[in-house]
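Novice: Provided below: protein22.csv, containing CSV, C-alpha atoms.
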chain,number,residue,atom,x,y,z
A,687,LEU,CA,-17.6,4.1,7.9
A,688,LEU,CA,-16.3,3.3,11.3
A,689,LEU,CA,-19.5,2.1,12.8
A,690,ASP,CA,-20.1,0.1,15.9
A,691,GLY,CA,-21.7,-3.2,14.8
A,692,GLN,CA,-24.5,-2.7,17.3
A,693,ASP,CA,-25.5,0.5,15.6
A,694,LEU,CA,-25.6,-0.8,12.1
A,695,PRO,CA,-29.3,-1.6,11.9
A,696,HIS,CA,-30.1,2.0,12.8
A,697,ALA,CA,-27.5,3.4,10.4
A,698,LEU,CA,-29.0,1.4,7.6
A,699,GLY,CA,-32.6,1.9,8.5
A,700,GLN,CA,-32.9,-1.9,8.4
A,701,GLY,CA,-33.4,-4.7,10.9
A,702,ARG,CA,-30.5,-6.9,12.1
A,703,ALA,CA,-31.5,-9.7,9.7
A,704,ALA,CA,-31.2,-7.4,6.7
A,705,GLN,CA,-27.5,-6.6,7.4
A,706,CYS,CA,-26.2,-9.5,5.4
A,707,SER,CA,-28.6,-9.5,2.5
A,708,GLY,CA,-26.6,-11.1,-0.4
A,709,VAL,CA,-23.9,-12.2,2.0
A,710,VAL,CA,-24.7,-14.7,4.8
A,711,CYS,CA,-22.4,-13.9,7.7
A,712,ASP,CA,-21.8,-13.8,11.4
A,713,LEU,CA,-20.7,-10.7,13.2
A,714,LEU,CA,-17.9,-11.6,15.6
A,715,ASP,CA,-17.3,-10.0,18.9
A,716,ASP,CA,-13.8,-8.5,18.6
A,717,GLY,CA,-12.5,-10.0,21.8
A,718,ALA,CA,-12.8,-10.4,25.6
A,719,GLY,CA,-11.9,-7.7,28.1
A,720,ALA,CA,-13.0,-4.1,28.7
A,721,GLY,CA,-13.8,-2.1,25.6
A,722,ALA,CA,-14.6,-5.2,23.6
A,723,GLY,CA,-18.0,-6.3,22.3
A,724,ALA,CA,-18.3,-4.1,19.3
A,725,ALA,CA,-18.3,-6.2,16.2
A,726,ASP,CA,-16.6,-4.7,13.1
A,727,GLY,CA,-19.7,-4.7,10.9
A,728,LEU,CA,-20.2,-4.9,7.2
A,729,GLY,CA,-16.8,-6.5,6.6
A,730,LEU,CA,-14.9,-3.5,7.8
A,731,LEU,CA,-12.6,-6.0,9.4
A,732,GLN,CA,-13.9,-9.0,11.3
A,733,ILE,CA,-16.8,-10.5,9.4
A,734,LYS,CA,-16.8,-14.3,9.7
A,735,GLN,CA,-18.2,-15.7,6.4
A,736,ARG,CA,-19.8,-19.1,6.8
A,737,ARG,CA,-21.2,-19.0,3.3
A,738,VAL,CA,-20.9,-16.2,0.8
A,739,VAL,CA,-23.5,-15.6,-1.9
A,740,VAL,CA,-22.4,-12.8,-4.1
A,741,GLU,CA,-24.9,-11.7,-6.6
A,742,ASP,CA,-23.8,-10.3,-10.0
A,743,LYS,CA,-25.6,-7.0,-9.3
A,744,PRO,CA,-26.5,-6.7,-5.6
A,745,CYS,CA,-27.8,-3.2,-6.2
A,746,ASP,CA,-30.4,-4.1,-8.8
A,747,ALA,CA,-34.0,-3.7,-7.6
A,748,GLY,CA,-35.5,-6.8,-5.9
A,749,ALA,CA,-36.1,-8.6,-2.7
A,750,THR,CA,-32.4,-9.4,-2.1
A,751,ARG,CA,-31.1,-5.9,-2.7
A,752,ASP,CA,-28.2,-5.3,-0.3
A,753,PRO,CA,-29.1,-2.5,2.3
A,754,ARG,CA,-25.7,-1.0,1.7
A,755,CYS,CA,-26.9,0.1,-1.7
A,756,GLU,CA,-29.4,2.4,0.0
A,757,ALA,CA,-26.7,3.8,2.2
A,758,GLY,CA,-24.6,4.6,-0.8
A,759,TRP,CA,-21.7,2.4,0.3
A,760,LEU,CA,-22.1,-0.2,-2.5
A,761,SER,CA,-22.8,-0.4,-6.2
A,762,ASN,CA,-22.8,-3.3,-8.6
A,763,PRO,CA,-19.5,-5.1,-8.5
A,764,THR,CA,-19.3,-5.2,-12.3
A,765,GLU,CA,-19.5,-1.5,-12.4
A,766,LYS,CA,-16.7,-0.9,-9.8
A,767,ALA,CA,-14.4,-3.6,-11.1
A,768,SER,CA,-14.4,-2.0,-14.5
A,769,VAL,CA,-12.8,1.1,-12.9
A,770,VAL,CA,-10.0,-0.3,-10.7
A,771,GLU,CA,-8.9,-3.9,-10.4
A,772,ALA,CA,-7.8,-4.5,-6.9
A,773,SER,CA,-6.8,-7.6,-4.9
A,774,ASN,CA,-8.7,-9.1,-2.0
A,775,THR,CA,-5.5,-10.5,-0.5
A,776,MET,CA,-2.9,-8.9,1.7
A,777,GLU,CA,0.6,-10.0,2.5
A,778,LYS,CA,1.8,-10.6,6.1
A,779,VAL,CA,4.8,-8.5,7.3
A,780,ASN,CA,6.7,-9.3,10.5
A,781,VAL,CA,7.3,-5.9,12.0
A,782,VAL,CA,10.2,-7.0,14.2
A,783,GLU,CA,12.1,-8.4,11.2
A,784,ALA,CA,11.1,-5.7,8.8
A,785,THR,CA,12.1,-2.8,11.1
A,786,ASN,CA,14.8,-4.5,13.2
A,787,ASP,CA,12.9,-3.4,16.3
A,788,SER,CA,12.9,-6.3,18.8
A,789,ASP,CA,10.5,-4.6,21.1
A,790,ALA,CA,7.6,-4.2,18.5
A,791,THR,CA,5.9,-7.3,20.0
A,792,CYS,CA,2.5,-8.7,21.0
A,793,ASN,CA,1.4,-9.4,24.6
A,794,ASP,CA,3.2,-12.8,24.5
A,795,GLY,CA,6.4,-11.5,22.9
A,796,SER,CA,5.6,-12.7,19.4
A,797,PRO,CA,6.3,-10.1,16.7
A,798,GLY,CA,3.9,-7.4,15.7
A,799,VAL,CA,2.3,-7.9,12.3
A,800,TYR,CA,0.8,-5.8,9.6
A,801,TYR,CA,-0.8,-6.8,6.3
A,802,TRP,CA,0.0,-5.0,3.1
A,803,SER,CA,-1.5,-4.7,-0.3
A,804,PRO,CA,0.1,-2.1,-2.7
A,805,ALA,CA,-2.0,0.1,-4.9
A,806,PRO,CA,-2.9,-1.6,-8.1
A,807,SER,CA,-1.3,-0.6,-11.4
A,808,ASP,CA,-4.3,1.5,-12.3
A,809,GLY,CA,-4.8,2.8,-8.8
A,810,GLU,CA,-3.5,5.7,-6.7
A,811,PRO,CA,0.1,5.0,-5.6
A,812,HIS,CA,0.3,8.2,-3.6
A,813,SER,CA,-2.8,7.5,-1.5
A,814,TRP,CA,-2.8,5.3,1.6
A,815,LEU,CA,-5.2,3.6,3.9
A,816,VAL,CA,-3.8,2.6,7.3
A,817,PHE,CA,-6.4,0.7,9.4
A,818,LEU,CA,-5.9,-0.4,13.0
A,819,GLN,CA,-7.7,-3.5,14.2
A,820,GLY,CA,-9.8,-3.2,17.3
A,821,GLY,CA,-10.5,-5.8,19.9
A,822,GLY,CA,-10.6,-4.3,23.4
A,823,TRP,CA,-7.8,-4.5,25.8
A,824,CYS,CA,-6.5,-6.1,29.0
A,825,TRP,CA,-4.9,-4.6,32.1
A,826,ASP,CA,-3.4,-7.4,34.2
A,827,ALA,CA,-2.3,-11.0,33.9
A,828,PRO,CA,-5.8,-12.6,34.5
A,829,SER,CA,-7.6,-10.2,32.0
A,830,CYS,CA,-4.9,-10.8,29.4
A,831,ALA,CA,-5.0,-14.6,29.9
A,832,SER,CA,-8.7,-14.6,29.3
A,833,ARG,CA,-8.4,-13.0,25.8
A,834,VAL,CA,-8.6,-14.9,22.5
A,835,GLY,CA,-5.2,-16.2,21.3
A,836,ASP,CA,-4.9,-14.1,18.2
A,837,LEU,CA,-5.6,-10.9,20.2
A,838,VAL,CA,-2.5,-11.5,22.3
A,839,SER,CA,-0.2,-13.4,19.9
A,840,SER,CA,0.7,-13.4,16.2
A,841,ALA,CA,1.8,-17.0,16.3
A,842,GLN,CA,-1.2,-18.2,14.3
A,843,TYR,CA,-1.5,-15.3,11.9
A,844,PRO,CA,-1.7,-16.6,8.3
A,845,SER,CA,0.8,-15.5,5.6
A,846,LEU,CA,-2.0,-14.1,3.5
A,847,GLN,CA,-5.2,-12.3,4.6
A,848,ILE,CA,-8.3,-12.7,2.5
A,849,ASN,CA,-10.6,-9.6,2.9
A,850,ASP,CA,-14.3,-9.3,2.5
A,851,MET,CA,-14.7,-7.8,-1.0
A,852,TYR,CA,-17.2,-5.2,0.2
A,853,GLY,CA,-15.2,-4.2,3.3
A,854,ILE,CA,-13.0,-1.1,3.5
A,855,LEU,CA,-9.9,-3.3,2.8
A,856,GLY,CA,-11.6,-5.2,0.0
A,857,SER,CA,-11.5,-5.1,-3.8
A,858,LEU,CA,-14.8,-3.2,-4.1
A,859,SER,CA,-14.0,-0.7,-1.4
A,860,PRO,CA,-14.2,3.0,-2.3
A,861,VAL,CA,-10.4,3.1,-1.5
A,862,ARG,CA,-9.5,0.0,-3.4
A,863,GLY,CA,-7.1,1.9,-5.5
A,864,PHE,CA,-5.0,3.0,-2.4
A,865,ASN,CA,-2.0,1.3,-0.8
A,866,ARG,CA,-3.8,-0.6,1.9
A,867,VAL,CA,-2.3,-1.5,5.3
A,868,TYR,CA,-4.0,-3.4,8.1
A,869,ILE,CA,-2.2,-3.5,11.5
A,870,ARG,CA,-3.2,-6.4,13.7
A,871,HIS,CA,-4.0,-5.6,17.3
A,872,CYS,CA,-2.2,-8.2,19.4
A,873,SER,CA,-1.0,-5.8,22.2
A,874,SER,CA,-4.3,-5.4,24.0
A,875,ASP,CA,-3.7,-1.7,24.8
A,876,ALA,CA,-5.7,0.3,22.2
A,877,TRP,CA,-2.4,1.2,20.5
A,878,MET,CA,-1.2,3.3,23.4
A,879,GLY,CA,1.4,1.2,25.2
A,880,ASP,CA,5.2,0.9,25.1
A,881,ILE,CA,6.2,-1.1,28.1
A,882,GLY,CA,7.8,-4.5,28.3
A,883,ALA,CA,6.9,-7.5,30.4
A,884,LYS,CA,9.9,-7.1,32.7
A,885,ALA,CA,8.8,-3.6,33.6
A,886,THR,CA,5.3,-4.7,34.7
A,887,SER,CA,4.0,-6.7,37.6
A,888,ALA,CA,1.7,-8.5,35.2
A,889,GLY,CA,4.6,-9.8,33.1
A,890,VAL,CA,2.9,-8.7,29.9
A,891,ASN,CA,4.1,-6.7,27.0
A,892,TRP,CA,2.0,-3.7,26.1
A,893,ARG,CA,3.7,-2.4,22.9
A,894,GLY,CA,0.9,-1.2,20.6
A,895,ALA,CA,2.3,2.3,20.2
A,896,ARG,CA,5.7,0.8,19.3
A,897,ILE,CA,4.2,-1.6,16.8
A,898,LEU,CA,2.4,1.4,15.2
A,899,ARG,CA,5.4,3.6,15.0
A,900,ALA,CA,7.6,0.9,13.6
A,901,THR,CA,5.0,0.1,10.9
A,902,LEU,CA,4.7,3.7,9.9
A,903,ARG,CA,8.5,4.0,9.7
A,904,HIS,CA,8.6,0.9,7.5
A,905,LEU,CA,6.0,2.4,5.2
A,906,VAL,CA,8.2,5.4,4.7
A,907,GLU,CA,11.5,3.6,4.4
A,908,ALA,CA,10.4,0.6,2.4
A,909,ARG,CA,7.0,1.2,0.8
A,910,GLY,CA,7.2,4.7,-0.5
A,911,LEU,CA,5.0,6.7,1.9
A,912,ALA,CA,6.2,10.3,1.4
A,913,ASP,CA,5.5,13.9,2.1
A,914,GLY,CA,2.6,15.1,0.1
A,915,ASP,CA,0.9,11.7,-0.1
A,916,PHE,CA,-2.7,11.3,1.0
A,917,LEU,CA,-3.1,9.2,4.2
A,918,LEU,CA,-6.4,7.9,5.5
A,919,PHE,CA,-5.7,6.8,9.0
A,920,GLY,CA,-8.2,5.1,11.3
A,921,GLY,CA,-9.6,1.9,12.7
A,922,ALA,CA,-12.4,0.1,14.5
A,923,SER,CA,-13.4,-0.2,18.1
A,924,ALA,CA,-10.1,-0.1,20.1
A,925,GLY,CA,-8.3,1.0,17.0
A,926,ALA,CA,-10.6,4.0,16.3
Taking this structure as input, can you express it in the form of structure tokens?
Specialist:
Amino acid sequence: LLLDGQDLPHALGQGRAAQCSGVVCDLLDDGAGAGAGAADGLGLLQIKQRRVVVEDKPCDAGATRDPRCEAGWLSNPTEKASVVEASNTMEKVNVVEATNDSDATCNDGSPGVYYWSPAPSDGEPHSWLVFLQGGGWCWDAPSCASRVGDLVSSAQYPSLQINDMYGILGSLSPVRGFNRVYIRHCSSDAWMGDIGAKATSAGVNWRGARILRATLRHLVEARGLADGDFLLFGGASAGA
């Protein structure tokens, strides 16, 4: 499922215009800097919805049939919704406050953030999806300064995240019954860094690895992640 947006037409056997059949959308570049440029396709994370037209049965035969039906990634919403009722919203968690780790911060020193949606009551409480946002990286002060604000800072992150219902985090995802965790990438280091601004000539925090470790620790201590649980761990682009 972790496909580069540029490869989606080939993966689906369809042209680029057919990617959003049933859903009119723009694929966003994940951010500036080296390693960026791969959009998170098909709502896996970063689909910008200008207008959403959701058909009752997008996998019925017809001219507007969604190409994801052919790929086996999508069935009619009414069929899936009857199995597990899941939410499309996720709650924001301030990693610094939740874990008491003052160094789990974004490039600009704002707190790292993850979004959380527990398994629904009829779901799988011992199964987990932890998904890392992509978005490239930066390596010095000028390259970090050129990046989009929400890739270096959590200051404008909303308290709730609304997911694409067909994406891996959405209410019609094959893993919609799992506990779902989405960790925002505001450290511009592909989740590998743990060095503070005072220790670098660039004056930039690169704390992705620390944010990730603190989040996983919080999932164990406060959310119930335990030995023997099933954990699906991955991401897109720089988070893959």
Novice: Mind running range 846-916 of chain A against range 818-834 of chain A at 8 Å and telling me each contacting residue's nearest atom pair with the distance in Å (one decimal), counting all atoms listed in the file, chain and number ascending, as CSV?
Specialist:
residue,atom,partner,partner_atom,distance
A:Tyr868,CA,A:Leu818,CA,6.1
A:Ile869,CA,A:Leu818,CA,5.1
A:Arg870,CA,A:Gln819,CA,5.4
A:His871,CA,A:Gln819,CA,5.3
A:Ser873,CA,A:Trp823,CA,7.8
A:Ser874,CA,A:Trp823,CA,4.0
A:Asp875,CA,A:Trp823,CA,5.1
A:Ala876,CA,A:Trp823,CA,6.4
A:Ala888,CA,A:Ala827,CA,4.9
A:Gly889,CA,A:Ala827,CA,7.0
A:Val890,CA,A:Ala827,CA,7.0
Novice: Nearest residue to Glu777 in chain A out of A:Gly921, A:Pro844, A:Gly795, A:Gly809, using all atoms listed in the file?
Specialist: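 Selected residue with least distance to Glu777 in chain A: A:Pro844.
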Novice: Between CA of Pro806 in chain A and CA of Arg866 in chain A, what is the distance, to one decimal in Å?
Specialist: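 The value is 10.1 Å.
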Novice: Would you compute the distance between CA of Ala922 in chain A and CA of Arg862 in chain A? Give it in Å to one decimal.
Specialist: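 If I compute the distance from CA of Ala922 in chain A to CA of Arg862 in chain A, I get 18.1 Å.
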Novice: I need the residue nearest Arg893 in chain A from this list: A:Cys872, A:Leu837, A:Val781, A:Ile848. Use all atoms listed in the file for the distance.
Specialist: A:Cys872
Novice: Can you work out which one of A:Val838, A:Val861, A:Met776, A:Ala784 has the shortest atom-to-atom distance to His904 in chain A, counting only C-alpha atoms?
Specialist: A:Ala784
Novice: Between A:Phe864, A:Met851, A:Leu898, A:Asn793, which residue has the minimum interatomic distance to Gly925 in chain A, considering all atoms listed in the file?
Specialist: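 Result for the nearest residue to Gly925 in chain A: A:Leu898.
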Novice: Between A:Gly894, A:Gly798, A:Gly920, A:Pro804, which has the minimum distance to Trp877 in chain A (counting all atoms listed in the file)?
Specialist: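 Among the listed residues, the smallest separation from Trp877 in chain A belongs to A:Gly894.
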Novice: Measuring atom to atom with all atoms listed in the file, identify which of A:Ala772, A:Ile881, A:Asn849, A:Phe817 is nearest to Ser923 in chain A.
Specialist: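 Looking at the shortest contact to Ser923 in chain A, the residue is A:Phe817.
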Novice: Between CA of Asn780 in chain A and CA of Pro797 in chain A, what is the distance in Å, rounded to a tenth?
Specialist: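 Taking CA of Asn780 in chain A and CA of Pro797 in chain A, their separation equals 6.3 Å.
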Novice: Could you rebuild range 791-804 of chain A with N, CA, C and O atoms and give it back as a PDB file, in the coordinates of the input?
Specialist:
ATOM      1  N   THR A 791       6.423  -5.908  19.766  1.00  0.00           N
ATOM      2  CA  THR A 791       5.900  -7.300  20.000  1.00  0.00           C
ATOM      3  C   THR A 791       4.490  -7.261  20.587  1.00  0.00           C
ATOM      4  O   THR A 791       4.032  -6.283  21.177  1.00  0.00           O
ATOM      5  N   CYS A 792       3.842  -8.424  20.442  1.00  0.00           N
ATOM      6  CA  CYS A 792       2.500  -8.700  21.000  1.00  0.00           C
ATOM      7  C   CYS A 792       2.617  -8.918  22.510  1.00  0.00           C
ATOM      8  O   CYS A 792       3.708  -8.953  23.081  1.00  0.00           O
ATOM      9  N   ASN A 793       1.470  -9.140  23.143  1.00  0.00           N
ATOM     10  CA  ASN A 793       1.400  -9.400  24.600  1.00  0.00           C
ATOM     11  C   ASN A 793       2.366 -10.559  24.989  1.00  0.00           C
ATOM     12  O   ASN A 793       3.015 -10.512  26.038  1.00  0.00           O
ATOM     13  N   ASP A 794       2.421 -11.593  24.155  1.00  0.00           N
ATOM     14  CA  ASP A 794       3.200 -12.800  24.500  1.00  0.00           C
ATOM     15  C   ASP A 794       4.634 -12.747  24.020  1.00  0.00           C
ATOM     16  O   ASP A 794       5.373 -13.718  24.168  1.00  0.00           O
ATOM     17  N   GLY A 795       5.045 -11.636  23.426  1.00  0.00           N
ATOM     18  CA  GLY A 795       6.400 -11.500  22.900  1.00  0.00           C
ATOM     19  C   GLY A 795       6.587 -11.901  21.481  1.00  0.00           C
ATOM     20  O   GLY A 795       7.677 -11.733  20.925  1.00  0.00           O
ATOM     21  N   SER A 796       5.548 -12.414  20.827  1.00  0.00           N
ATOM     22  CA  SER A 796       5.600 -12.700  19.400  1.00  0.00           C
ATOM     23  C   SER A 796       5.642 -11.372  18.625  1.00  0.00           C
ATOM     24  O   SER A 796       5.209 -10.340  19.130  1.00  0.00           O
ATOM     25  N   PRO A 797       6.165 -11.383  17.382  1.00  0.00           N
ATOM     26  CA  PRO A 797       6.300 -10.100  16.700  1.00  0.00           C
ATOM     27  C   PRO A 797       5.008  -9.472  16.256  1.00  0.00           C
ATOM     28  O   PRO A 797       4.033 -10.157  15.929  1.00  0.00           O
ATOM     29  N   GLY A 798       4.991  -8.150  16.287  1.00  0.00           N
ATOM     30  CA  GLY A 798       3.900  -7.400  15.700  1.00  0.00           C
ATOM     31  C   GLY A 798       3.764  -7.696  14.240  1.00  0.00           C
ATOM     32  O   GLY A 798       4.762  -8.025  13.589  1.00  0.00           O
ATOM     33  N   VAL A 799       2.563  -7.536  13.697  1.00  0.00           N
ATOM     34  CA  VAL A 799       2.300  -7.900  12.300  1.00  0.00           C
ATOM     35  C   VAL A 799       1.421  -6.833  11.653  1.00  0.00           C
ATOM     36  O   VAL A 799       0.474  -6.341  12.269  1.00  0.00           O
ATOM     37  N   TYR A 800       1.757  -6.500  10.407  1.00  0.00           N
ATOM     38  CA  TYR A 800       0.800  -5.800   9.600  1.00  0.00           C
ATOM     39  C   TYR A 800       0.614  -6.506   8.275  1.00  0.00           C
ATOM     40  O   TYR A 800       1.482  -7.268   7.835  1.00  0.00           O
ATOM     41  N   TYR A 801      -0.545  -6.276   7.646  1.00  0.00           N
ATOM     42  CA  TYR A 801      -0.800  -6.800   6.300  1.00  0.00           C
ATOM     43  C   TYR A 801      -0.821  -5.713   5.305  1.00  0.00           C
ATOM     44  O   TYR A 801      -1.264  -4.597   5.582  1.00  0.00           O
ATOM     45  N   TRP A 802      -0.351  -6.055   4.115  1.00  0.00           N
ATOM     46  CA  TRP A 802       0.000  -5.000   3.100  1.00  0.00           C
ATOM     47  C   TRP A 802      -0.524  -5.429   1.734  1.00  0.00           C
ATOM     48  O   TRP A 802      -0.349  -6.571   1.313  1.00  0.00           O
ATOM     49  N   SER A 803      -1.149  -4.476   1.062  1.00  0.00           N
ATOM     50  CA  SER A 803      -1.500  -4.700  -0.300  1.00  0.00           C
ATOM     51  C   SER A 803      -1.207  -3.348  -1.073  1.00  0.00           C
ATOM     52  O   SER A 803      -1.796  -2.312  -0.755  1.00  0.00           O
ATOM     53  N   PRO A 804      -0.265  -3.367  -2.017  1.00  0.00           N
ATOM     54  CA  PRO A 804       0.100  -2.100  -2.700  1.00  0.00           C
ATOM     55  C   PRO A 804      -1.030  -1.658  -3.626  1.00  0.00           C
ATOM     56  O   PRO A 804      -1.906  -2.431  -4.015  1.00  0.00           O
TER      57      PRO A 804
END
